[in-house]
>>> print(open('start.cif').read())   # mmCIF, C-alpha atoms and all ligand atoms
data_protein
loop_
_atom_site.label_atom_id
_atom_site.label_comp_id
_atom_site.auth_asym_id
_atom_site.auth_seq_id
_atom_site.Cartn_x
_atom_site.Cartn_y
_atom_site.Cartn_z
CA MET A 275 0.00 0.00 0.00
CA GLU A 276 1.26 3.50 -0.89
CA GLN A 277 2.38 5.43 2.21
CA TRP A 278 1.86 9.19 1.88
CA ASP A 279 3.92 11.72 3.81
CA ALA A 280 0.62 13.31 4.87
CA ILE A 281 -3.09 12.79 4.40
CA VAL A 282 -5.19 15.92 4.87
CA VAL A 283 -8.92 15.38 5.48
CA GLY A 284 -10.95 18.43 4.37
CA ALA A 285 -10.14 20.77 1.48
CA GLY A 286 -11.43 24.05 2.96
CA PRO A 287 -9.03 26.92 3.84
CA ALA A 288 -7.27 24.96 6.61
CA GLY A 289 -6.74 21.77 4.60
CA CYS A 290 -5.66 23.57 1.43
CA ALA A 291 -3.22 25.82 3.36
CA CYS A 292 -1.59 22.76 4.93
CA ALA A 293 -1.55 20.61 1.78
CA TYR A 294 -0.25 23.50 -0.35
CA ASP A 295 2.80 24.10 1.86
CA LEU A 296 3.63 20.40 2.09
CA ALA A 297 3.21 19.82 -1.66
CA ALA A 298 5.25 22.93 -2.49
CA GLN A 299 8.10 21.40 -0.44
CA GLY A 300 7.89 18.21 -2.50
CA ARG A 301 6.15 16.07 0.15
CA SER A 302 3.61 13.48 -1.01
CA VAL A 303 0.16 14.73 0.06
CA LEU A 304 -3.28 13.20 -0.36
CA LEU A 305 -6.12 15.70 0.17
CA LEU A 306 -9.48 14.04 0.86
CA ASP A 307 -12.93 15.66 0.99
CA LYS A 308 -16.44 14.28 1.17
CA ALA A 309 -17.56 16.94 -1.36
CA ALA A 310 -16.76 17.49 -5.01
CA PHE A 311 -15.67 21.09 -5.69
CA PRO A 312 -16.99 23.70 -6.20
CA ARG A 313 -19.21 23.13 -3.16
CA LYS A 314 -21.31 25.48 -1.02
CA LYS A 315 -20.13 26.58 2.44
CA ALA A 316 -22.07 28.83 4.83
CA CYS A 317 -19.70 31.77 5.20
CA GLY A 318 -19.59 35.53 4.65
CA GLY A 319 -16.32 35.00 2.78
CA GLY A 320 -14.76 38.11 4.37
CA LEU A 321 -10.95 37.91 4.22
CA THR A 322 -9.27 40.41 6.56
CA ALA A 323 -5.98 42.05 5.52
CA LYS A 324 -4.06 39.64 7.80
CA THR A 325 -5.71 36.68 6.03
CA LEU A 326 -4.74 38.03 2.59
CA ARG A 327 -1.20 38.40 3.90
CA ALA A 328 -1.13 34.87 5.31
CA LEU A 329 -2.17 33.29 1.98
CA ARG A 330 0.75 32.00 -0.13
CA TYR A 331 -0.78 33.36 -3.38
CA SER A 332 -3.04 36.18 -4.48
CA VAL A 333 -6.76 35.41 -4.52
CA ALA A 334 -7.52 38.59 -6.52
CA PRO A 335 -9.34 36.64 -9.29
CA VAL A 336 -12.08 35.63 -6.80
CA VAL A 337 -12.34 38.90 -4.82
CA HIS A 338 -15.68 40.64 -5.44
CA LYS A 339 -14.90 43.84 -3.57
CA THR A 340 -12.39 45.36 -1.18
CA VAL A 341 -13.55 47.41 1.80
CA GLN A 342 -11.80 50.33 3.51
CA ARG A 343 -14.54 51.40 5.94
CA ILE A 344 -16.79 49.61 8.40
CA VAL A 345 -19.97 50.91 10.01
CA ILE A 346 -20.54 49.61 13.54
CA GLU A 347 -24.18 49.91 14.54
CA THR A 348 -25.11 49.80 18.23
CA ARG A 349 -28.31 50.12 20.21
CA SER A 350 -27.53 53.82 20.71
CA GLU A 351 -26.76 56.44 18.05
CA PRO A 352 -24.57 57.66 16.52
CA HIS A 353 -23.13 54.65 14.72
CA ILE A 354 -19.35 54.26 14.76
CA LEU A 355 -17.50 54.65 11.46
CA VAL A 356 -14.12 52.93 11.22
CA ARG A 357 -11.98 53.98 8.26
CA SER A 358 -8.61 52.96 6.93
CA GLY A 359 -6.41 54.11 4.04
CA LYS A 360 -5.77 50.42 3.31
CA THR A 361 -7.93 47.38 2.58
CA ILE A 362 -9.59 46.16 5.78
CA CYS A 363 -11.36 43.23 4.23
CA ALA A 364 -11.77 41.53 0.82
CA MET A 365 -15.17 40.07 0.01
CA THR A 366 -15.34 36.63 -1.60
CA VAL A 367 -17.86 33.83 -2.14
CA ARG A 368 -16.62 30.64 -0.51
CA GLU A 369 -17.78 28.39 -3.34
CA GLU A 370 -15.44 30.34 -5.67
CA LEU A 371 -12.63 30.94 -3.16
CA ASP A 372 -12.38 27.31 -2.05
CA ALA A 373 -12.42 25.94 -5.62
CA TYR A 374 -9.68 28.45 -6.52
CA CYS A 375 -7.50 27.47 -3.54
CA LEU A 376 -8.02 23.76 -4.22
CA ASN A 377 -6.82 24.24 -7.82
CA LYS A 378 -3.72 26.07 -6.56
CA THR A 379 -3.06 23.21 -4.13
CA ILE A 380 -3.40 20.57 -6.84
CA GLU A 381 -1.10 22.63 -9.09
CA ALA A 382 1.45 22.66 -6.25
CA GLY A 383 1.45 18.84 -6.36
CA ALA A 384 -1.19 17.55 -3.91
CA ARG A 385 -3.47 14.70 -5.05
CA PHE A 386 -7.20 15.33 -4.42
CA GLN A 387 -9.79 12.59 -3.93
CA LYS A 388 -13.45 12.61 -2.94
CA ILE A 389 -14.23 10.06 -0.22
CA GLY A 390 -17.18 8.61 1.64
CA ARG A 391 -17.58 8.19 5.39
CA ILE A 392 -14.42 7.76 7.49
CA GLU A 393 -15.02 4.85 9.86
CA ARG A 394 -11.80 4.32 11.81
CA ILE A 395 -8.37 5.85 12.37
CA GLY A 396 -5.38 4.00 13.84
CA GLN A 397 -2.03 5.45 14.93
CA ASP A 398 1.19 3.46 15.52
CA ALA A 399 4.92 4.18 15.89
CA ASP A 400 5.47 4.62 12.12
CA GLY A 401 2.32 6.27 10.88
CA VAL A 402 -1.44 6.54 10.68
CA SER A 403 -4.06 4.34 8.99
CA LEU A 404 -7.37 5.76 7.84
CA PHE A 405 -10.28 3.47 7.02
CA SER A 406 -13.22 4.76 4.98
CA VAL A 407 -16.10 2.98 3.27
CA GLU A 408 -13.92 2.79 0.11
CA GLY A 409 -10.87 1.21 1.74
CA GLN A 410 -7.71 1.98 3.66
CA TRP A 411 -5.05 4.69 3.34
CA ARG A 412 -1.70 4.97 5.07
CA SER A 413 0.43 8.04 5.84
CA ARG A 414 3.19 9.23 8.15
CA PHE A 415 0.93 12.05 9.42
CA LEU A 416 -2.79 12.85 9.37
CA ILE A 417 -4.33 16.33 9.45
CA GLY A 418 -7.95 16.77 10.49
CA ALA A 419 -9.12 19.84 8.52
CA ASP A 420 -12.68 18.60 8.19
CA GLY A 421 -14.45 21.53 9.77
CA VAL A 422 -16.57 22.08 12.84
CA ASN A 423 -18.14 18.58 12.86
CA SER A 424 -14.74 16.94 12.29
CA GLN A 425 -14.89 13.17 12.04
CA VAL A 426 -11.11 13.03 12.58
CA ARG A 427 -11.52 14.84 15.92
CA ARG A 428 -14.44 12.62 16.97
CA LEU A 429 -12.58 9.42 16.15
CA THR A 430 -9.29 10.39 17.81
CA GLN A 431 -9.97 12.69 20.82
CA LYS A 432 -12.51 13.34 23.55
CA ALA A 433 -11.91 17.08 23.00
CA ALA A 434 -13.79 18.41 26.05
CA TRP A 435 -12.17 21.78 25.26
CA PHE A 436 -14.05 22.09 21.97
CA HIS A 437 -17.16 24.27 21.74
CA ARG A 438 -19.19 26.00 19.07
CA GLY A 439 -20.84 29.22 17.93
CA PHE A 440 -23.45 29.54 15.20
CA ALA A 441 -24.12 31.78 12.19
CA ILE A 442 -26.77 31.91 9.49
CA GLU A 443 -26.69 33.91 6.27
CA ALA A 444 -28.63 34.76 3.12
CA ASN A 445 -28.06 36.76 -0.07
CA LEU A 446 -30.00 39.84 -1.11
CA SER A 447 -29.98 41.80 -4.36
CA ARG A 448 -28.08 45.09 -3.99
CA ASN A 449 -30.93 47.40 -4.97
CA ALA A 450 -31.03 50.34 -2.58
CA ILE A 451 -28.38 48.91 -0.30
CA ARG A 452 -25.27 51.00 0.32
CA ASP A 453 -21.77 49.63 -0.19
CA ASP A 454 -20.69 49.67 3.44
CA LEU A 455 -19.61 46.65 5.40
CA VAL A 456 -21.83 46.75 8.51
CA PHE A 457 -21.58 45.03 11.89
CA ASP A 458 -24.85 45.57 13.76
CA PHE A 459 -24.58 44.75 17.47
CA ALA A 460 -28.26 45.32 18.24
CA PRO A 461 -30.24 42.32 16.94
CA VAL A 462 -28.96 39.27 18.88
CA PRO A 463 -27.46 38.54 22.30
CA ARG A 464 -23.74 37.58 22.37
CA GLY A 465 -23.36 38.29 18.68
CA TYR A 466 -24.17 40.60 15.82
CA GLY A 467 -25.80 41.00 12.43
CA TRP A 468 -23.62 41.66 9.39
CA VAL A 469 -24.00 43.08 5.89
CA PHE A 470 -21.15 42.22 3.51
CA PRO A 471 -21.19 43.91 0.07
CA ARG A 472 -20.34 41.72 -2.91
CA ARG A 473 -20.22 42.38 -6.66
CA ASP A 474 -23.91 41.88 -7.51
CA HIS A 475 -25.53 41.17 -4.13
CA VAL A 476 -25.02 41.60 -0.40
CA ASN A 477 -24.49 38.79 2.06
CA ILE A 478 -26.43 39.32 5.30
CA GLY A 479 -26.40 37.20 8.41
CA LEU A 480 -26.58 36.73 12.17
CA TYR A 481 -23.73 35.42 14.34
CA SER A 482 -23.76 34.23 17.93
CA ALA A 483 -20.78 33.16 20.06
CA GLU A 484 -23.27 31.20 22.21
CA HIS A 485 -22.80 27.44 21.93
CA THR A 486 -26.46 26.74 22.62
CA CYS A 487 -27.71 29.16 19.96
CA SER A 488 -29.03 28.17 16.56
CA PHE A 489 -31.03 30.88 14.85
CA ASP A 490 -33.46 29.65 12.26
CA LYS A 491 -34.35 31.01 8.85
CA GLY A 492 -37.35 32.84 10.33
CA ARG A 493 -35.13 34.82 12.70
CA LEU A 494 -32.87 36.00 9.88
CA ALA A 495 -35.84 36.69 7.57
CA GLY A 496 -37.34 38.87 10.34
CA TYR A 497 -34.07 40.77 10.69
CA ILE A 498 -33.86 41.36 6.93
CA ALA A 499 -37.49 42.56 6.82
CA ALA A 500 -36.89 44.93 9.76
CA ARG A 501 -33.79 46.33 8.06
CA TYR A 502 -34.83 46.55 4.42
CA GLY A 503 -38.62 46.14 4.41
CA ARG A 504 -40.96 43.21 3.79
CA ASP A 505 -40.36 43.26 0.02
CA ALA A 506 -36.62 42.55 0.31
CA ALA A 507 -36.26 39.20 -1.46
CA ALA A 508 -33.57 37.17 0.29
CA GLU A 509 -32.46 33.74 -0.92
CA ASN A 510 -29.90 31.00 -0.25
CA PHE A 511 -30.45 30.83 3.53
CA ILE A 512 -27.81 28.59 5.06
CA GLY A 513 -26.45 28.18 8.60
CA GLN A 514 -23.58 26.34 10.25
CA TYR A 515 -21.67 26.10 13.53
CA LEU A 516 -18.15 27.51 14.04
CA GLY A 517 -15.39 25.70 15.98
CA PHE A 518 -13.91 27.35 19.10
CA GLY A 519 -11.67 26.27 21.97
CA ALA A 520 -8.10 26.19 20.59
CA GLY A 521 -7.14 28.92 23.08
CA GLU A 522 -7.97 26.66 26.02
CA HIS A 523 -6.16 23.60 24.71
CA VAL A 524 -2.59 22.45 24.08
CA PRO A 525 -2.41 20.15 21.02
CA LEU A 526 -1.44 16.56 21.87
CA PRO A 527 1.88 14.93 20.93
CA GLY A 528 1.71 12.49 18.04
CA ARG A 529 0.99 12.14 14.34
CA ILE A 530 -2.58 13.48 14.14
CA LEU A 531 -3.06 17.26 14.07
CA LEU A 532 -6.34 19.21 14.11
CA VAL A 533 -6.47 22.52 12.23
CA GLY A 534 -9.07 25.17 11.38
CA ASP A 535 -12.57 24.74 12.79
CA ALA A 536 -11.81 21.07 13.51
CA GLY A 537 -9.18 22.25 16.01
CA GLY A 538 -11.29 25.14 17.40
CA PHE A 539 -9.24 27.91 15.70
CA ALA A 540 -12.17 30.30 14.97
CA ASP A 541 -12.33 33.56 16.94
CA PRO A 542 -15.36 33.75 19.29
CA LEU A 543 -15.27 37.56 19.49
CA THR A 544 -15.62 38.23 15.76
CA GLY A 545 -16.62 34.86 14.31
CA GLU A 546 -13.64 35.13 11.95
CA GLY A 547 -12.39 31.64 11.14
CA ILE A 548 -10.54 31.72 7.83
CA TYR A 549 -7.44 33.39 9.30
CA GLY A 550 -7.12 30.78 12.07
CA ALA A 551 -7.80 28.03 9.52
CA ILE A 552 -5.02 29.15 7.17
CA THR A 553 -2.41 29.89 9.83
CA SER A 554 -3.07 26.70 11.81
CA GLY A 555 -2.94 24.72 8.54
CA GLN A 556 0.41 26.28 7.66
CA ALA A 557 1.73 25.61 11.18
CA ALA A 558 0.74 21.94 10.80
CA ALA A 559 2.66 21.77 7.51
CA SER A 560 5.78 23.23 9.19
CA ALA A 561 5.46 20.79 12.11
CA ILE A 562 5.19 17.83 9.73
CA SER A 563 8.20 19.03 7.72
CA ALA A 564 10.24 19.25 10.92
CA ALA A 565 9.11 15.75 11.88
CA LEU A 566 9.97 14.31 8.44
CA ASP A 567 13.37 16.04 8.31
CA HIS A 568 14.55 15.77 11.91
CA GLY A 569 12.26 13.28 13.66
CA ALA A 570 10.75 15.96 15.90
CA ASP A 571 7.34 15.10 17.40
CA ALA A 572 4.83 16.74 15.04
CA GLY A 573 2.17 17.34 17.71
CA LEU A 574 4.60 19.03 20.12
CA THR A 575 6.09 21.19 17.33
CA PHE A 576 2.56 22.13 16.22
CA ALA A 577 1.74 23.13 19.82
CA GLY A 578 4.82 25.39 19.87
CA LEU A 579 4.15 26.93 16.46
CA THR A 580 0.53 27.76 17.33
CA ALA A 581 1.26 29.11 20.84
CA GLY A 582 0.88 32.78 19.76
CA LEU A 583 -2.31 32.12 17.80
CA ARG A 584 -3.79 30.11 20.67
CA GLY A 585 -2.77 32.81 23.18
CA ASN A 586 -4.64 35.43 21.14
CA LEU A 587 -7.70 33.17 20.93
CA ARG A 588 -7.58 32.66 24.71
CA ILE A 589 -7.80 36.44 25.11
CA THR A 590 -10.54 36.95 22.50
CA GLU A 591 -12.55 34.21 24.22
CA ARG A 592 -12.42 36.20 27.49
CA VAL A 593 -12.99 39.55 25.78
CA ALA A 594 -16.01 38.02 23.98
CA THR A 595 -17.53 36.88 27.29
CA SER A 596 -17.13 40.32 28.82
CA PHE A 597 -17.90 42.40 25.73
CA TYR A 598 -21.12 40.58 24.83
CA ALA A 599 -22.28 40.80 28.47
CA ARG A 600 -22.03 44.65 28.40
CA PRO A 601 -21.43 45.77 24.79
CA GLU A 602 -22.21 49.44 25.55
CA SER A 603 -19.00 49.74 27.66
CA GLY A 604 -17.00 48.54 24.67
CA PHE A 605 -18.73 50.99 22.31
CA ARG A 606 -18.10 53.87 24.72
CA ALA A 607 -14.40 53.04 24.53
CA MET A 608 -14.58 52.69 20.73
CA ARG A 609 -15.86 56.24 20.37
CA MET A 610 -12.28 57.25 21.25
CA PRO A 611 -10.16 57.30 18.07
CA PHE A 612 -7.16 55.66 19.75
CA VAL A 613 -9.19 52.65 20.90
CA ARG A 614 -11.12 52.49 17.61
CA ASN A 615 -7.87 52.36 15.63
CA ALA A 616 -6.44 49.67 17.90
CA VAL A 617 -9.57 47.54 17.44
CA LEU A 618 -9.51 48.07 13.67
CA LYS A 619 -5.83 47.14 13.53
CA SER A 620 -6.47 44.05 15.59
CA TYR A 621 -9.36 42.87 13.36
CA ALA A 622 -7.75 43.72 10.02
CA GLU A 623 -4.08 43.21 10.55
CA GLY A 624 -3.64 40.97 13.57
CA PHE A 625 -2.45 43.57 16.06
CA ASN A 626 -1.11 41.71 19.08
CA LEU A 627 -4.04 41.25 21.46
CA PHE A 628 -1.77 41.04 24.47
CA ARG A 629 -0.99 44.71 23.75
CA LEU A 630 -4.65 45.50 23.00
CA SER A 631 -5.64 44.15 26.40
CA GLY A 632 -3.39 46.86 27.93
CA ILE A 633 -5.21 49.57 25.95
CA VAL A 634 -8.63 48.27 27.01
CA ARG A 635 -7.49 48.32 30.66
CA ARG A 636 -6.47 51.95 30.26
CA PHE A 637 -9.71 53.16 28.69
CA LEU A 638 -12.55 51.11 30.13
CA PRO A 639 -13.79 51.94 33.62
CA ALA A 640 -11.70 49.93 36.10
CA ALA A 641 -14.43 47.51 37.16
CA ALA A 642 -15.48 46.72 33.59
CA SER A 643 -11.92 46.19 32.43
CA GLU A 644 -11.20 43.80 35.29
CA ARG A 645 -14.18 41.75 34.27
CA ALA A 646 -13.03 41.98 30.62
CA LEU A 647 -9.54 40.68 31.20
C1 LIG A 701 -22.54 31.73 8.30
C2 LIG A 701 -21.06 31.84 8.54
C3 LIG A 701 -20.37 32.99 8.14
C4 LIG A 701 -18.99 33.09 8.33
N1 LIG A 701 -18.33 34.20 7.85
C5 LIG A 701 -16.98 34.26 7.94
C6 LIG A 701 -16.26 35.34 7.34
O1 LIG A 701 -16.83 36.22 6.69
N2 LIG A 701 -14.90 35.38 7.50
C7 LIG A 701 -14.22 34.41 8.19
O2 LIG A 701 -12.99 34.51 8.32
N3 LIG A 701 -14.89 33.36 8.74
C8 LIG A 701 -16.23 33.23 8.61
N4 LIG A 701 -16.89 32.14 9.12
C9 LIG A 701 -16.10 31.04 9.71
C10 LIG A 701 -15.44 30.21 8.58
O3 LIG A 701 -16.43 29.84 7.64
C11 LIG A 701 -14.78 28.94 9.14
O4 LIG A 701 -14.07 29.25 10.30
C12 LIG A 701 -13.82 28.35 8.09
O5 LIG A 701 -14.52 27.91 6.96
C13 LIG A 701 -13.04 27.17 8.67
O6 LIG A 701 -12.27 26.61 7.65
P1 LIG A 701 -11.89 25.05 7.72
O7 LIG A 701 -11.02 24.79 6.52
O8 LIG A 701 -11.39 24.71 9.05
O9 LIG A 701 -13.28 24.27 7.57
P2 LIG A 701 -14.34 24.27 6.39
O10 LIG A 701 -14.25 25.49 5.60
O11 LIG A 701 -15.64 23.93 7.04
O12 LIG A 701 -13.87 23.07 5.46
C14 LIG A 701 -13.98 21.74 5.91
C15 LIG A 701 -13.95 20.81 4.71
O13 LIG A 701 -13.96 19.47 5.19
C16 LIG A 701 -14.88 18.69 4.45
N5 LIG A 701 -15.35 17.62 5.32
C17 LIG A 701 -16.17 17.73 6.40
N6 LIG A 701 -16.35 16.51 6.96
C18 LIG A 701 -15.64 15.62 6.22
C19 LIG A 701 -15.44 14.22 6.30
N7 LIG A 701 -16.00 13.48 7.27
N8 LIG A 701 -14.65 13.64 5.38
C20 LIG A 701 -14.07 14.39 4.39
N9 LIG A 701 -14.23 15.71 4.27
C21 LIG A 701 -15.00 16.33 5.17
C22 LIG A 701 -15.97 19.67 4.03
O14 LIG A 701 -16.64 19.22 2.86
C23 LIG A 701 -15.16 20.96 3.80
O15 LIG A 701 -14.75 21.06 2.45
C24 LIG A 701 -18.27 32.03 8.97
C25 LIG A 701 -18.98 30.89 9.40
C26 LIG A 701 -20.35 30.78 9.18
C27 LIG A 701 -21.06 29.54 9.64
#
>>> encode(input="start.cif", output="structure tokens", more="lines below")
Ligand SMILES: Cc1cc2nc3c(=O)[nH]c(=O)nc-3n(C[C@H](O)[C@H](O)[C@H](O)COP(=O)(O)OP(=O)(O)OC[C@H]3O[C@@H](n4cnc5c(N)ncnc54)[C@H](O)[C@@H]3O)c2cc1C
Amino acid sequence: MEQWDAIVVGAGPAGCACAYDLAAQGRSVLLLDKAAFPRKKACGGGLTAKTLRALRYSVAPVVHKTVQRIVIETRSEPHILVRSGKTICAMTVREELDAYCLNKTIEAGARFQKIGRIERIGQDADGVSLFSVEGQWRSRFLIGADGVNSQVRRLTQKAAWFHRGFAIEANLSRNAIRDDLVFDFAPVPRGYGWVFPRRDHVNIGLYSAEHTCSFDKGRLAGYIAARYGRDAAAENFIGQYLGFGAGEHVPLPGRILLVGDAGGFADPLTGEGIYGAITSGQAAASAISAALDHGADAGLTFAGLTAGLRGNLRITERVATSFYARPESGFRAMRMPFVRNAVLKSYAEGFNLFRLSGIVRRFLPAAASERAL
């Protein structure tokens, strides 16, 4: 039986980022997905500036729009306008983005195959065996990049640290809708509504960091009607969970690594998951390279390489708990340009949140900031 250097399960942003780096280094990589591409994925497709920077290639051919200003709507007026001279976010459609990234990954040398249900995974001193309904595969390392409901995670770990948020979205024709990217913190507890402008439509949705939440289509339809009137014709309603918890967990030693939503690398404060997916996928590729070249333990190296990312997620998890409990305190602080710019920098460019926590302490009332951090 052929033994691959790595098998990556899941060809979303995390799996493609990992498989691309390994294939580009000449490693043998098998990328498996239960779907044929292009495939739909519930997602606003917003790529922050830090995500564009993390990608190994330009995704310009699948960018619908770039955004340099964000309107933050709160329960109290006036709304907060955040502006930048540079791109804050690029708007894509995941169906197009993911197919584009998969093609790049295949061009780099990875082999792609559609598979059925994975039934069993075994790990021994030399490698990993994966058993699906079609048969058996063998590799030195296995990467679980199969999203929030990861079968790799379920078959290999108890993962008590893992938890979920939820988001639902729909598309709306752009008639009479302005171009702004909007985050609206009024409509749902522990979350927000969003409006993302795209080339010929807007993507609109509701996000909650609450693990017990699952809005239904009726809730989002009601929000759209309240915002744009009863005649606004929305379509393509689709919802999915997001994977959290990487900040509270140290990856295990061994040959099986979890990346992206499978490993809980989405950010509970903003719901942004593509950045964590790409950077954790790339970290897994580096850890596997080190293991193949020098015999280092891949899991331990992966834990070291993701320490900064996981530290930031640990902080955003705590900030999310505090912020969503009393969002008005956060908005009061954001009316100050210094704080607003720090928050913008953090969202768009990956400003170090350890430093941001210092700023929040300085500007929020003492009691609130203690609860926040
Ligand atoms: C409504 C919504 C809006 C969002 N908006 C944004 C946004 O604007 N910006 C942002 O950064 N993040 C956003 N997110 C989060 C983002 O979508 C995820 O964090 C991101 O897709 C995670 O990437 P991933 O590669 O880990 O997983 P996924 O993108 O979920 O990819 C997993 C892949 O694994 C495959 N797979 C699953 N199970 C199996 C299996 N058993 N066997 C084989 N293959 C399997 C799937 O087919 C899929 O291709 C949003 C999420 C939701 C739900």
>>> residues_around(input="start.cif", residues="segment 543-547 of chain A", least_positions_apart="4", cutoff="9 Å", atoms="all atoms listed in the file", output="number ranges by chain")
A: 320-322, 439-441, 464-466, 481-483, 516-517, 534-535, 539, 551-552, 587, 590-595, 597-598, 621
>>> atom_distance(input="start.cif", atom1="atom CA of Trp435 of chain A", atom2="atom CA of Gly521 of chain A")
9.0 Å
>>> closest_residue(input="start.cif", among="A:Val613, A:Arg412, A:His338, A:Ala293", to="Ser554 of chain A", atoms="all atoms listed in the file")
A:Ala293
>>> residues_around(input="start.cif", residues="Thr348 of chain A", least_positions_apart="5", cutoff="12 Å", atoms="only C-alpha atoms", output="number ranges by chain")
A: 353-355, 456-462, 465-467, 600-606, 608-609
>>> residues_near_ligand(input="start.cif", ligand="ligand LIG 701 (chain A)", cutoff="7 Å", atoms="only C-alpha atoms and all ligand atoms", output="PyMOL selection string")
chain A and resi 283-289+306-309+315-321+389-392+419-425+440-443+479+512-517+533-536+540+545-549+551
>>> closest_residue(input="start.cif", among="A:Ala399, A:Cys375, A:Ala559, A:Cys292", to="Phe576 of chain A", atoms="all atoms listed in the file")
A:Ala559
>>> atom_distance(input="start.cif", atom1="atom CA of Leu583 of chain A", atom2="atom CA of Ala564 of chain A")
19.2 Å
>>> closest_residue(input="start.cif", among="A:Ser563, A:Thr379, A:Ser403, A:Gln299", to="Leu329 of chain A", atoms="all atoms listed in the file")
A:Thr379
>>> atom_distance(input="start.cif", atom1="atom CA of Ala508 of chain A", atom2="atom CA of Arg368 of chain A")
18.2 Å
>>> closest_residue(input="start.cif", among="A:Ala364, A:Leu480, A:Val333, A:Leu526", to="Arg493 of chain A", atoms="all atoms listed in the file")
A:Leu480
>>> closest_residue(input="start.cif", among="A:Ile346, A:Val341, A:Leu326, A:Val282", to="Val617 of chain A", atoms="only C-alpha atoms")
A:Ile346
>>> closest_residue(input="start.cif", among="A:Ala507, A:Cys363, A:Met275, A:Val356", to="Thr340 of chain A", atoms="all atoms listed in the file")
A:Cys363
>>> residues_around(input="start.cif", residues="Pro471 of chain A", least_positions_apart="6", cutoff="7 Å", atoms="only C-alpha atoms", output="PDB file with C-alpha atoms, in the coordinates of the input")
ATOM      1  CA  ASP A 453     -21.770  49.630  -0.190  1.00  0.00           C
ATOM      2  CA  ASP A 454     -20.690  49.670   3.440  1.00  0.00           C
ATOM      3  CA  LEU A 455     -19.610  46.650   5.400  1.00  0.00           C
ATOM      4  CA  ASN A 477     -24.490  38.790   2.060  1.00  0.00           C
TER       5      ASN A 477
END
>>> residues_around(input="start.cif", residues="Gln277 of chain A", least_positions_apart="2", cutoff="9 Å", atoms="all atoms listed in the file", output="MDAnalysis selection string")
chainID A and resid 275 279:280 302 401 411:414
>>> residues_around(input="start.cif", residues="Ala382 of chain A", least_positions_apart="6", cutoff="12 Å", atoms="all atoms listed in the file", output="PyMOL selection string")
chain A and resi 290-303+330-331+375-376
>>> decode(input="start.cif", residues="segment 354-385 of chain A", atoms="C-alpha atoms", output="JSON list (two decimals), in the first residue's frame")
[["chain", "number", "residue", "atom", "x", "y", "z"],
["A", 354, "ILE", "CA", -19.35, 54.26, 14.76],
["A", 355, "LEU", "CA", -17.50, 54.65, 11.46],
["A", 356, "VAL", "CA", -14.12, 52.93, 11.22],
["A", 357, "ARG", "CA", -11.98, 53.98, 8.26],
["A", 358, "SER", "CA", -8.61, 52.96, 6.93],
["A", 359, "GLY", "CA", -6.41, 54.11, 4.04],
["A", 360, "LYS", "CA", -5.77, 50.42, 3.31],
["A", 361, "THR", "CA", -7.93, 47.38, 2.58],
["A", 362, "ILE", "CA", -9.59, 46.16, 5.78],
["A", 363, "CYS", "CA", -11.36, 43.23, 4.23],
["A", 364, "ALA", "CA", -11.77, 41.53, 0.82],
["A", 365, "MET", "CA", -15.17, 40.07, 0.01],
["A", 366, "THR", "CA", -15.34, 36.63, -1.60],
["A", 367, "VAL", "CA", -17.86, 33.83, -2.14],
["A", 368, "ARG", "CA", -16.62, 30.64, -0.51],
["A", 369, "GLU", "CA", -17.78, 28.39, -3.34],
["A", 370, "GLU", "CA", -15.44, 30.34, -5.67],
["A", 371, "LEU", "CA", -12.63, 30.94, -3.16],
["A", 372, "ASP", "CA", -12.38, 27.31, -2.05],
["A", 373, "ALA", "CA", -12.42, 25.94, -5.62],
["A", 374, "TYR", "CA", -9.68, 28.45, -6.52],
["A", 375, "CYS", "CA", -7.50, 27.47, -3.54],
["A", 376, "LEU", "CA", -8.02, 23.76, -4.22],
["A", 377, "ASN", "CA", -6.82, 24.24, -7.82],
["A", 378, "LYS", "CA", -3.72, 26.07, -6.56],
["A", 379, "THR", "CA", -3.06, 23.21, -4.13],
["A", 380, "ILE", "CA", -3.40, 20.57, -6.84],
["A", 381, "GLU", "CA", -1.10, 22.63, -9.09],
["A", 382, "ALA", "CA", 1.45, 22.66, -6.25],
["A", 383, "GLY", "CA", 1.45, 18.84, -6.36],
["A", 384, "ALA", "CA", -1.19, 17.55, -3.91],
["A", 385, "ARG", "CA", -3.47, 14.70, -5.05]]
